[in-house]
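Novice: Got run30.txt for you, compact mmCIF, C-alpha atoms:
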# COMPACT_ATOMS: atom_id res chain seq x y z
CA MET B 1 -78.22 5.36 5.04
CA ALA B 2 -78.04 5.50 1.29
CA VAL B 3 -75.54 4.00 -1.07
CA LEU B 4 -74.71 5.86 -4.26
CA HIS B 5 -73.17 3.50 -6.80
CA ARG B 6 -70.90 3.91 -9.82
CA GLY B 7 -68.14 6.11 -8.52
CA LEU B 8 -70.24 8.61 -6.58
CA ARG B 9 -69.25 9.37 -3.02
CA LEU B 10 -70.85 7.29 -0.32
CA GLY B 11 -73.29 9.41 1.65
CA MET B 12 -73.32 7.33 4.76
CA THR B 13 -71.71 6.69 8.09
CA LEU B 14 -71.19 3.05 8.93
CA ILE B 15 -70.19 3.29 12.56
CA ALA B 16 -72.20 1.64 15.29
CA GLY B 17 -69.98 2.80 18.14
CA VAL B 18 -66.58 4.12 19.04
CA MET B 19 -64.97 0.84 20.02
CA ALA B 20 -66.64 -1.51 17.54
CA PRO B 21 -66.30 -1.65 13.77
CA ALA B 22 -69.22 -0.72 11.59
CA CYS B 23 -69.60 -2.52 8.32
CA GLY B 24 -71.75 -2.02 5.30
CA PRO B 25 -74.44 -4.50 4.35
CA ASP B 26 -73.49 -7.61 2.43
CA LEU B 27 -73.86 -5.99 -0.96
CA PRO B 28 -74.27 -7.94 -4.19
CA PRO B 29 -71.22 -8.47 -6.40
CA ALA B 30 -69.94 -5.14 -7.64
CA GLY B 31 -67.78 -6.44 -10.48
CA VAL B 32 -66.01 -3.57 -12.19
CA PRO B 33 -67.64 -0.13 -11.92
CA GLU B 34 -68.69 1.67 -15.06
CA LEU B 35 -66.30 4.37 -16.17
CA GLY B 36 -68.50 6.10 -18.71
CA GLU B 37 -70.86 5.50 -21.59
CA ARG B 38 -68.00 4.61 -23.95
CA ASP B 39 -66.55 1.95 -21.67
CA THR B 40 -66.95 -1.39 -23.42
CA THR B 41 -63.89 -3.08 -21.93
CA VAL B 42 -64.56 -6.66 -20.88
CA LEU B 43 -62.65 -7.94 -17.89
CA GLU B 44 -60.37 -10.79 -18.90
CA MET B 45 -60.83 -13.60 -16.40
CA GLU B 46 -58.42 -16.41 -15.80
CA ALA B 47 -59.76 -19.47 -17.56
CA GLY B 48 -61.40 -21.86 -15.14
CA ALA B 49 -60.43 -19.78 -12.09
CA ARG B 50 -62.79 -19.72 -9.13
CA LEU B 51 -62.88 -16.85 -6.69
CA PRO B 52 -63.75 -17.63 -3.08
CA PRO B 53 -66.33 -15.40 -1.42
CA LEU B 54 -65.28 -12.46 0.66
CA ASN B 55 -64.52 -13.41 4.23
CA ARG B 56 -66.70 -10.70 5.72
CA GLU B 57 -66.22 -11.83 9.28
CA ALA B 58 -62.43 -11.74 8.91
CA LEU B 59 -62.71 -8.20 7.53
CA ARG B 60 -64.90 -7.17 10.47
CA GLN B 61 -62.42 -8.62 12.92
CA ALA B 62 -59.49 -6.95 11.14
CA ILE B 63 -60.71 -3.52 12.21
CA ALA B 64 -62.35 -4.51 15.49
CA GLY B 65 -61.34 -2.90 18.76
CA LEU B 66 -60.30 0.50 17.44
CA PRO B 67 -59.02 2.83 18.67
CA ASP B 68 -56.11 1.01 20.27
CA GLY B 69 -52.58 1.91 21.29
CA GLU B 70 -51.30 2.42 17.74
CA VAL B 71 -54.35 3.31 15.60
CA THR B 72 -57.28 5.69 16.14
CA GLY B 73 -59.39 4.56 13.19
CA ALA B 74 -59.57 2.69 9.90
CA LEU B 75 -61.67 2.49 6.76
CA VAL B 76 -61.69 -0.32 4.22
CA ARG B 77 -63.13 -0.99 0.75
CA VAL B 78 -62.93 -4.41 -0.88
CA GLU B 79 -64.38 -4.77 -4.38
CA GLY B 80 -64.52 -7.36 -7.13
CA VAL B 81 -66.60 -10.02 -8.78
CA ALA B 82 -67.17 -11.77 -5.43
CA GLY B 83 -68.86 -8.74 -3.95
CA ARG B 84 -68.22 -5.51 -2.14
CA TRP B 85 -67.43 -4.88 1.51
CA LEU B 86 -67.21 -1.48 3.16
CA GLY B 87 -66.15 -0.98 6.74
CA ALA B 88 -64.98 1.64 9.19
CA SER B 89 -63.98 1.59 12.81
CA GLY B 90 -62.67 3.89 15.52
CA VAL B 91 -62.85 7.65 15.85
CA ALA B 92 -62.28 10.41 13.32
CA ASP B 93 -61.71 12.98 16.07
CA VAL B 94 -60.45 11.96 19.50
CA GLN B 95 -61.83 15.13 21.09
CA THR B 96 -65.40 14.84 19.83
CA GLY B 97 -65.56 11.08 19.44
CA ALA B 98 -66.96 11.46 15.92
CA PRO B 99 -66.89 8.11 14.11
CA VAL B 100 -64.81 7.29 11.03
CA ARG B 101 -66.78 7.65 7.79
CA THR B 102 -66.32 5.36 4.82
CA ASP B 103 -66.52 8.34 2.45
CA ALA B 104 -63.71 10.15 4.25
CA LEU B 105 -60.83 11.80 2.43
CA PHE B 106 -57.28 11.02 3.53
CA ARG B 107 -53.68 11.79 2.63
CA ILE B 108 -52.62 8.95 0.33
CA GLY B 109 -48.85 9.52 0.62
CA SER B 110 -46.75 7.50 -1.80
CA MET B 111 -49.78 6.20 -3.64
CA THR B 112 -49.32 9.54 -5.42
CA LYS B 113 -46.44 7.86 -7.26
CA THR B 114 -48.91 5.73 -9.22
CA PHE B 115 -50.58 8.87 -10.57
CA THR B 116 -47.24 10.50 -11.40
CA ALA B 117 -45.98 7.37 -13.14
CA THR B 118 -49.19 7.19 -15.17
CA VAL B 119 -48.73 10.75 -16.47
CA VAL B 120 -45.09 10.05 -17.44
CA LEU B 121 -46.16 6.88 -19.25
CA GLN B 122 -48.91 8.80 -21.05
CA LEU B 123 -46.33 11.31 -22.27
CA ALA B 124 -44.19 8.41 -23.46
CA ALA B 125 -47.16 6.97 -25.35
CA GLU B 126 -47.59 10.38 -27.02
CA ARG B 127 -43.87 10.32 -27.93
CA ARG B 128 -43.29 13.52 -26.02
CA LEU B 129 -40.59 11.72 -24.09
CA ASP B 130 -38.70 8.45 -24.41
CA LEU B 131 -38.40 6.06 -21.46
CA ASP B 132 -34.96 4.98 -22.69
CA ARG B 133 -33.49 8.48 -23.01
CA PRO B 134 -31.54 10.04 -20.14
CA VAL B 135 -33.44 12.46 -17.96
CA GLN B 136 -30.41 14.75 -18.32
CA GLU B 137 -31.48 15.40 -21.92
CA TYR B 138 -34.81 16.77 -20.70
CA LEU B 139 -33.51 18.53 -17.57
CA PRO B 140 -29.93 19.39 -18.64
CA ARG B 141 -29.00 21.55 -15.66
CA LEU B 142 -30.55 19.47 -12.89
CA LEU B 143 -27.92 16.76 -12.31
CA PRO B 144 -24.21 17.75 -12.24
CA ALA B 145 -22.38 16.43 -15.29
CA GLY B 146 -19.42 14.23 -14.45
CA VAL B 147 -20.96 13.22 -11.12
CA TYR B 148 -24.12 11.48 -12.23
CA ALA B 149 -24.11 8.97 -15.08
CA PRO B 150 -27.00 9.06 -17.56
CA ILE B 151 -30.26 8.02 -15.87
CA THR B 152 -33.13 6.95 -18.08
CA VAL B 153 -36.71 8.03 -17.50
CA ARG B 154 -37.65 4.37 -16.91
CA GLN B 155 -35.03 4.14 -14.16
CA LEU B 156 -36.62 7.12 -12.43
CA LEU B 157 -39.96 5.32 -12.35
CA ASN B 158 -38.71 1.90 -11.19
CA HIS B 159 -36.29 3.19 -8.53
CA THR B 160 -33.11 1.94 -10.21
CA HIS B 161 -31.71 5.47 -10.79
CA GLY B 162 -29.19 5.46 -7.94
CA LEU B 163 -29.94 9.04 -6.88
CA PRO B 164 -29.38 9.84 -3.19
CA GLY B 165 -32.38 10.33 -0.92
CA VAL B 166 -33.77 13.66 0.21
CA PRO B 167 -31.91 14.52 3.45
CA VAL B 168 -34.99 15.88 5.22
CA PRO B 169 -35.81 13.96 8.44
CA GLN B 170 -39.58 14.24 8.01
CA LYS B 171 -40.20 11.10 10.08
CA ASP B 172 -38.50 12.68 13.10
CA PRO B 173 -41.36 14.17 15.16
CA ALA B 174 -39.22 17.00 16.53
CA TRP B 175 -38.19 18.09 13.02
CA PHE B 176 -41.71 17.67 11.70
CA PHE B 177 -43.37 19.77 14.40
CA GLU B 178 -40.91 22.61 13.75
CA ASN B 179 -41.17 22.44 9.95
CA ARG B 180 -44.66 21.08 9.27
CA PHE B 181 -45.78 24.25 7.46
CA ARG B 182 -42.52 24.99 5.68
CA ARG B 183 -42.68 24.97 1.89
CA TYR B 184 -39.86 23.44 -0.11
CA SER B 185 -39.57 23.76 -3.86
CA PRO B 186 -38.89 20.55 -5.81
CA ARG B 187 -35.59 21.90 -7.13
CA GLU B 188 -34.57 22.84 -3.58
CA LEU B 189 -35.16 19.25 -2.49
CA VAL B 190 -33.09 17.92 -5.40
CA SER B 191 -30.27 20.36 -4.68
CA LEU B 192 -30.23 19.24 -1.05
CA SER B 193 -29.91 15.62 -2.17
CA LEU B 194 -27.25 15.77 -4.87
CA PRO B 195 -24.10 16.55 -2.81
CA ALA B 196 -24.22 13.02 -1.37
CA GLY B 197 -23.40 11.59 -4.79
CA PRO B 198 -24.90 8.52 -6.49
CA ARG B 199 -25.69 5.47 -4.40
CA PHE B 200 -25.06 3.00 -7.22
CA ALA B 201 -24.68 2.88 -10.98
CA PRO B 202 -28.05 3.42 -12.71
CA GLY B 203 -29.86 0.21 -13.55
CA THR B 204 -27.75 -2.07 -11.35
CA GLN B 205 -29.84 -2.09 -8.15
CA GLN B 206 -33.20 -0.94 -6.83
CA GLN B 207 -33.74 1.33 -3.86
CA TYR B 208 -37.15 2.75 -3.09
CA GLY B 209 -37.49 6.44 -2.27
CA ASN B 210 -39.07 9.77 -3.20
CA ILE B 211 -36.27 11.49 -5.12
CA GLY B 212 -36.92 9.72 -8.44
CA TYR B 213 -40.54 10.84 -8.42
CA ILE B 214 -39.66 14.39 -7.47
CA VAL B 215 -37.47 14.45 -10.58
CA ALA B 216 -40.32 12.79 -12.52
CA GLY B 217 -42.60 15.63 -11.45
CA LEU B 218 -40.07 18.16 -12.75
CA LEU B 219 -39.85 16.14 -15.97
CA ILE B 220 -43.62 16.37 -16.45
CA GLU B 221 -43.46 20.13 -15.97
CA GLN B 222 -40.57 20.47 -18.42
CA VAL B 223 -42.31 18.45 -21.12
CA THR B 224 -45.79 19.92 -20.71
CA GLY B 225 -44.85 23.45 -19.73
CA ARG B 226 -47.39 23.31 -16.89
CA PRO B 227 -47.44 22.32 -13.20
CA TYR B 228 -47.40 18.57 -12.72
CA GLY B 229 -50.63 18.83 -10.69
CA ASP B 230 -52.41 20.25 -13.73
CA ALA B 231 -51.31 17.24 -15.76
CA VAL B 232 -52.68 14.85 -13.11
CA ARG B 233 -55.99 16.70 -12.98
CA ASP B 234 -56.40 17.05 -16.76
CA ARG B 235 -55.24 13.56 -17.70
CA ILE B 236 -56.61 11.42 -14.85
CA LEU B 237 -58.87 13.12 -12.32
CA ARG B 238 -61.26 14.90 -14.67
CA PRO B 239 -61.61 12.14 -17.30
CA LEU B 240 -62.38 9.57 -14.57
CA ARG B 241 -64.53 12.02 -12.57
CA LEU B 242 -62.42 11.54 -9.45
CA ARG B 243 -64.02 14.52 -7.76
CA ASP B 244 -62.68 13.71 -4.31
CA THR B 245 -59.06 13.28 -5.38
CA LEU B 246 -56.89 16.35 -4.97
CA VAL B 247 -53.39 17.60 -5.68
CA PRO B 248 -53.24 20.07 -2.77
CA GLY B 249 -50.16 22.12 -3.66
CA ASN B 250 -49.79 24.77 -0.95
CA VAL B 251 -53.11 23.98 0.73
CA VAL B 252 -52.42 22.40 4.13
CA THR B 253 -55.97 21.35 5.02
CA ILE B 254 -58.09 18.37 3.96
CA PRO B 255 -61.44 19.57 2.61
CA GLY B 256 -64.61 17.63 3.23
CA PRO B 257 -65.17 14.77 5.68
CA HIS B 258 -61.98 13.22 6.96
CA SER B 259 -60.43 11.52 9.94
CA HIS B 260 -57.86 13.53 11.84
CA GLY B 261 -54.28 12.33 11.82
CA TYR B 262 -52.31 12.22 15.06
CA GLU B 263 -48.70 11.74 16.10
CA ARG B 264 -47.95 10.25 19.51
CA VAL B 265 -45.47 12.17 21.67
CA GLU B 266 -43.90 11.49 25.04
CA PRO B 267 -45.42 13.11 28.14
CA GLU B 268 -43.55 15.67 30.18
CA GLY B 269 -43.58 14.02 33.54
CA GLU B 270 -47.19 13.12 34.20
CA VAL B 271 -48.76 15.61 31.81
CA CYS B 272 -48.87 16.00 28.05
CA PRO B 273 -46.71 18.73 26.51
CA SER B 274 -48.30 21.97 25.36
CA GLY B 275 -50.38 21.49 22.24
CA ALA B 276 -50.88 17.76 22.80
CA ILE B 277 -54.15 16.01 23.58
CA SER B 278 -54.44 13.51 26.42
CA TYR B 279 -56.32 10.49 25.10
CA GLN B 280 -56.56 7.01 26.56
CA GLY B 281 -53.29 7.39 28.44
CA GLN B 282 -51.40 8.79 25.41
CA CYS B 283 -50.32 12.25 24.33
CA LEU B 284 -51.40 13.00 20.77
CA VAL B 285 -50.66 15.96 18.51
CA ASP B 286 -53.14 16.65 15.72
CA VAL B 287 -51.06 16.64 12.52
CA THR B 288 -53.90 16.72 10.00
CA GLU B 289 -52.83 20.12 8.70
CA ALA B 290 -49.34 20.15 7.25
CA SER B 291 -47.46 21.14 4.13
CA GLN B 292 -46.93 18.29 1.68
CA SER B 293 -44.13 20.00 -0.23
CA VAL B 294 -41.47 17.51 0.89
CA PRO B 295 -42.99 14.48 -0.87
CA TRP B 296 -44.58 16.63 -3.65
CA ALA B 297 -45.09 14.50 -6.79
CA ALA B 298 -43.97 11.45 -4.78
CA GLY B 299 -46.57 11.70 -2.02
CA GLU B 300 -48.75 14.79 -1.64
CA MET B 301 -52.20 13.76 -2.90
CA ILE B 302 -55.54 13.33 -1.11
CA SER B 303 -58.28 10.87 -2.12
CA THR B 304 -61.00 8.45 -1.00
CA THR B 305 -61.33 4.68 -1.18
CA ALA B 306 -64.04 4.99 -3.86
CA ASP B 307 -61.90 7.21 -6.10
CA LEU B 308 -58.81 5.06 -5.69
CA ASP B 309 -60.75 1.92 -6.58
CA ARG B 310 -62.08 3.66 -9.69
CA PHE B 311 -58.54 4.72 -10.60
CA LEU B 312 -57.19 1.17 -10.22
CA VAL B 313 -59.92 -0.22 -12.45
CA ALA B 314 -59.29 2.33 -15.20
CA LEU B 315 -55.53 1.85 -14.96
CA PHE B 316 -55.57 -1.95 -15.06
CA GLN B 317 -58.18 -2.05 -17.83
CA GLY B 318 -55.96 0.05 -20.08
CA ARG B 319 -58.22 3.09 -20.18
CA LEU B 320 -55.37 5.40 -19.19
CA LEU B 321 -52.47 3.81 -21.07
CA PRO B 322 -51.87 1.89 -24.30
CA ARG B 323 -50.79 -1.72 -23.84
CA ALA B 324 -47.05 -1.10 -24.29
CA GLN B 325 -46.92 1.59 -21.61
CA MET B 326 -49.32 -0.30 -19.33
CA GLU B 327 -46.87 -3.20 -19.26
CA GLU B 328 -44.40 -0.90 -17.47
CA LEU B 329 -46.76 -1.06 -14.48
CA PHE B 330 -46.31 -4.82 -14.30
CA THR B 331 -42.61 -5.11 -15.17
CA VAL B 332 -40.19 -5.41 -12.27
CA PRO B 333 -36.50 -5.02 -13.18
CA ASP B 334 -34.40 -8.12 -12.61
CA VAL B 335 -31.87 -6.55 -10.27
CA PRO B 336 -31.03 -6.90 -6.59
CA SER B 337 -32.67 -4.67 -4.03
CA VAL B 338 -30.46 -2.57 -1.81
CA GLY B 339 -30.59 -4.23 1.59
CA GLY B 340 -31.12 -7.75 0.24
CA GLY B 341 -33.46 -9.77 -1.92
CA ARG B 342 -34.65 -8.95 -5.41
CA ALA B 343 -36.40 -5.91 -6.82
CA SER B 344 -40.17 -5.70 -6.29
CA TYR B 345 -41.09 -2.23 -7.60
CA SER B 346 -42.27 -1.50 -11.12
CA ALA B 347 -43.27 1.89 -12.52
CA GLY B 348 -45.68 3.15 -9.87
CA LEU B 349 -46.63 -0.20 -8.32
CA THR B 350 -45.22 -2.98 -6.16
CA ARG B 351 -45.42 -6.69 -6.86
CA MET B 352 -46.23 -8.62 -3.72
CA GLU B 353 -47.29 -12.16 -2.95
CA VAL B 354 -50.22 -12.56 -0.56
CA ASN B 355 -51.50 -16.04 0.21
CA GLY B 356 -49.85 -17.34 -2.96
CA VAL B 357 -51.52 -14.72 -5.17
CA THR B 358 -49.72 -11.87 -6.95
CA LEU B 359 -51.08 -8.50 -5.90
CA TRP B 360 -50.08 -5.31 -7.69
CA ALA B 361 -50.23 -2.64 -5.05
CA LYS B 362 -48.96 0.62 -3.63
CA SER B 363 -48.77 1.79 -0.05
CA GLY B 364 -48.61 5.33 1.24
CA ASP B 365 -47.55 6.84 4.55
CA ARG B 366 -48.00 10.40 5.82
CA HIS B 367 -48.21 11.75 9.34
CA GLY B 368 -51.42 10.32 10.76
CA TYR B 369 -52.21 8.15 7.74
CA ASN B 370 -51.00 4.70 6.66
CA ASN B 371 -52.72 3.47 3.50
CA GLY B 372 -52.70 0.91 0.75
CA MET B 373 -54.37 0.01 -2.53
CA GLY B 374 -53.93 -3.04 -4.69
CA ALA B 375 -55.57 -5.57 -6.94
CA THR B 376 -55.06 -8.82 -8.72
CA ARG B 377 -54.14 -8.00 -12.29
CA ASP B 378 -57.49 -9.26 -13.56
CA LEU B 379 -59.26 -6.98 -11.01
CA ARG B 380 -61.25 -9.84 -9.51
CA ARG B 381 -60.22 -8.70 -6.02
CA ARG B 382 -59.38 -5.11 -5.13
CA LEU B 383 -58.54 -3.45 -1.82
CA VAL B 384 -58.19 0.13 -0.65
CA TYR B 385 -57.70 1.03 3.00
CA SER B 386 -56.59 3.86 5.26
CA VAL B 387 -55.43 3.43 8.83
CA ASN B 388 -54.86 6.37 11.17
CA THR B 389 -51.56 5.38 12.67
CA LEU B 390 -49.96 7.26 15.55
CA ARG B 391 -46.35 7.10 14.40
CA MET B 392 -45.26 7.90 10.86
CA GLY B 393 -42.59 5.58 9.56
CA GLN B 394 -43.26 2.83 12.07
CA ASP B 395 -43.59 -0.73 10.86
CA ARG B 396 -46.90 -1.36 9.16
CA PRO B 397 -49.58 -1.25 11.87
CA ASP B 398 -51.05 -4.58 12.89
CA ALA B 399 -54.46 -3.34 11.76
CA ALA B 400 -53.16 -2.76 8.22
CA ALA B 401 -51.59 -6.22 8.08
CA ARG B 402 -54.87 -7.76 9.28
CA ILE B 403 -56.83 -5.86 6.63
CA VAL B 404 -54.62 -7.11 3.80
CA ALA B 405 -54.73 -10.69 5.04
CA ALA B 406 -58.52 -10.63 5.46
CA ALA B 407 -59.13 -9.09 2.05
CA MET B 408 -57.07 -11.78 0.33
CA ASP B 409 -58.31 -14.64 2.49
CA GLY B 410 -58.84 -17.79 0.45
CA LEU B 411 -57.54 -16.43 -2.84
CA GLY B 412 -54.59 -18.78 -2.91
CA GLU B 413 -56.48 -21.90 -1.91
CA ALA B 414 -57.24 -24.63 -4.41
CA PRO B 415 -60.87 -24.75 -5.61
Re-express the file's structure as structure tokens.
Specialist:
Amino acid sequence: MAVLHRGLRLGMTLIAGVMAPACGPDLPPAGVPELGERDTTVLEMEAGARLPPLNREALRQAIAGLPDGEVTGALVRVEGVAGRWLGASGVADVQTGAPVRTDALFRIGSMTKTFTATVVLQLAAERRLDLDRPVQEYLPRLLPAGVYAPITVRQLLNHTHGLPGVPVPQKDPAWFFENRFRRYSPRELVSLSLPAGPRFAPGTQQQYGNIGYIVAGLLIEQVTGRPYGDAVRDRILRPLRLRDTLVPGNVVTIPGPHSHGYERVEPEGEVCPSGAISYQGQCLVDVTEASQSVPWAAGEMISTTADLDRFLVALFQGRLLPRAQMEELFTVPDVPSVGGGRASYSAGLTRMEVNGVTLWAKSGDRHGYNNGMGATRDLRRRLVYSVNTLRMGQDRPDAAARIVAAAMDGLGEAP
């Protein structure tokens, strides 16, 4: 196998067998990948901080034993100044037994929000929009006057807008199977949501959801006069040479190497229903091909672990945003979260504590794919993973929790 460095796709398969994880060699420290000849940014390290080595065995064990009853496969990339670790486990196709590839594309789900937020913040930096102005001034006929109070652009991005959720039960398998190829327009989704009325006064609470980013996508289109996907491609994908990151639009397939996504269904008596695959005592429906119009600018994109790591590095280094707008990524509003606790979402990211260390991250969930990306703010440790879960919307699979814990192992311990 061959390893192609510096943001190129990995031309290798790292699987030794169906049931055992395959891991890349213990590569030398990768640091921060180059982003181009003009990149002279120096990573700011915490003074006197020591980074423990990667726990490679813990990472191997995190994805061992796949497929199992809840996951068919997984792929993992851990990068940083302590080294690089690549791993994959399980099967990409339950019918052929093809192994998972570490260069595979996958549906990134809500990690799309980080890209959408970045474009909005770029437009703010260019003074083409103001984060403190109401979105109603940019989209005057979208939200009914007298029903919805002014909602600022910033509140769209940090989920404090109070807009009602999209009433489409996409996590219900029965609804999904019937509507998986249906195409919704963004304005149709907003119009379906609005009759429920506001959930709370803007800026007073935080509630995570897709609706704010669907409106943010419409805002991008209003300000630029072009499809939001064009803005993502022109402003992020092409400058960073993210050749394996896609805004699919109406395309329902995943081009290039990828693991299939499956949804588990109940058997009919002792046999699987029509269209389902019998596999290891379960009935699975291949859901790889599906319209992504429901999440749209909140969750439709496709990428790879290599591209997402490259994106995180550029974003955190300030190559995509000036300092003032970049701080929006790391600013969590001081408000309560609906359902209890305090807010944890910023503009496009989530603040989370893992082993006593702050990780700025984003997860993403689509049918057949449960994913995550995150990094310490200084980029010394970075993680991107994709797990092929069998039930969209379930609690985070055990495999995903193990991956996060293994990747951050030792980071919070005293030197």
Novice: Given the choices B:Ser193, B:Ser293, B:Thr305, B:Gln206, which gets closest to B:Arg101 if the distance is worked out from only C-alpha atoms?
Specialist: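 Once distances to B:Arg101 are computed over only C-alpha atoms, the minimum belongs to B:Thr305.
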Novice: Taking only C-alpha atoms into account, produce a table as a Markdown table in which each residue of stretch 225-341 of chain B with an atom at most 9 Å from an atom of stretch 365-389 of chain B appears once, together with its shortest atom pair and the distance in Å to one decimal, ordered by chain and rising number.
Specialist:
| residue | atom | partner | partner_atom | distance |
| --- | --- | --- | --- | --- |
| B:Ser259 | CA | B:Asn388 | CA | 7.7 |
| B:His260 | CA | B:Gly368 | CA | 7.3 |
| B:Gly261 | CA | B:Gly368 | CA | 3.7 |
| B:Tyr262 | CA | B:Gly368 | CA | 4.8 |
| B:Glu263 | CA | B:Gly368 | CA | 6.2 |
| B:Asp286 | CA | B:Gly368 | CA | 8.2 |
| B:Val287 | CA | B:His367 | CA | 6.5 |
| B:Thr288 | CA | B:Gly368 | CA | 6.9 |
| B:Ala290 | CA | B:His367 | CA | 8.7 |
| B:Gln292 | CA | B:Arg366 | CA | 9.0 |
| B:Gly299 | CA | B:Arg366 | CA | 8.1 |
| B:Glu300 | CA | B:Arg366 | CA | 8.7 |
| B:Thr304 | CA | B:Val384 | CA | 8.8 |
| B:Thr305 | CA | B:Val384 | CA | 5.6 |
| B:Ala306 | CA | B:Val384 | CA | 8.3 |
| B:Leu308 | CA | B:Val384 | CA | 7.1 |
| B:Asp309 | CA | B:Val384 | CA | 6.7 |
| B:Leu312 | CA | B:Ala375 | CA | 7.7 |
| B:Val313 | CA | B:Leu379 | CA | 6.9 |
| B:Phe316 | CA | B:Arg377 | CA | 6.8 |
| B:Gln317 | CA | B:Asp378 | CA | 8.4 |
| B:Phe330 | CA | B:Arg377 | CA | 8.7 |
Novice: What gap, in Å, lies between atom CA of B:Ile108 and atom CA of B:Phe311?
Specialist: 13.1 Å
Novice: By how many Å are atom CA of B:Gly340 and atom CA of B:Gly197 apart?
Specialist: 21.4 Å
Novice: Just the number, please: distance in Å from atom CA of B:Leu66 to atom CA of B:Ser291, one decimal.
Specialist: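 According to the coordinates, atom CA of B:Leu66 and atom CA of B:Ser291 are separated by 27.7 Å.
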Novice: Just checking: using only C-alpha atoms, which residue out of B:Ile302, B:Cys272, B:Val78, B:Leu121 ends up closest to B:Pro257?
Specialist: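 The answer is B:Ile302, which sits nearest to B:Pro257.
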Novice: When you count only C-alpha atoms, which of these residues is closest to B:Ser89: B:Ile236, B:Ala399, B:Val135, B:Ser110?
Specialist: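 Of B:Ile236, B:Ala399, B:Val135, B:Ser110, the one nearest B:Ser89, counting only C-alpha atoms, is B:Ala399.
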Novice: Hey, which of B:Gln61, B:Ser274, B:Asn210, B:Gln122 ends up closest to B:Arg235? Count only C-alpha atoms.
Specialist: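 The closest residue to B:Arg235 is B:Gln122.
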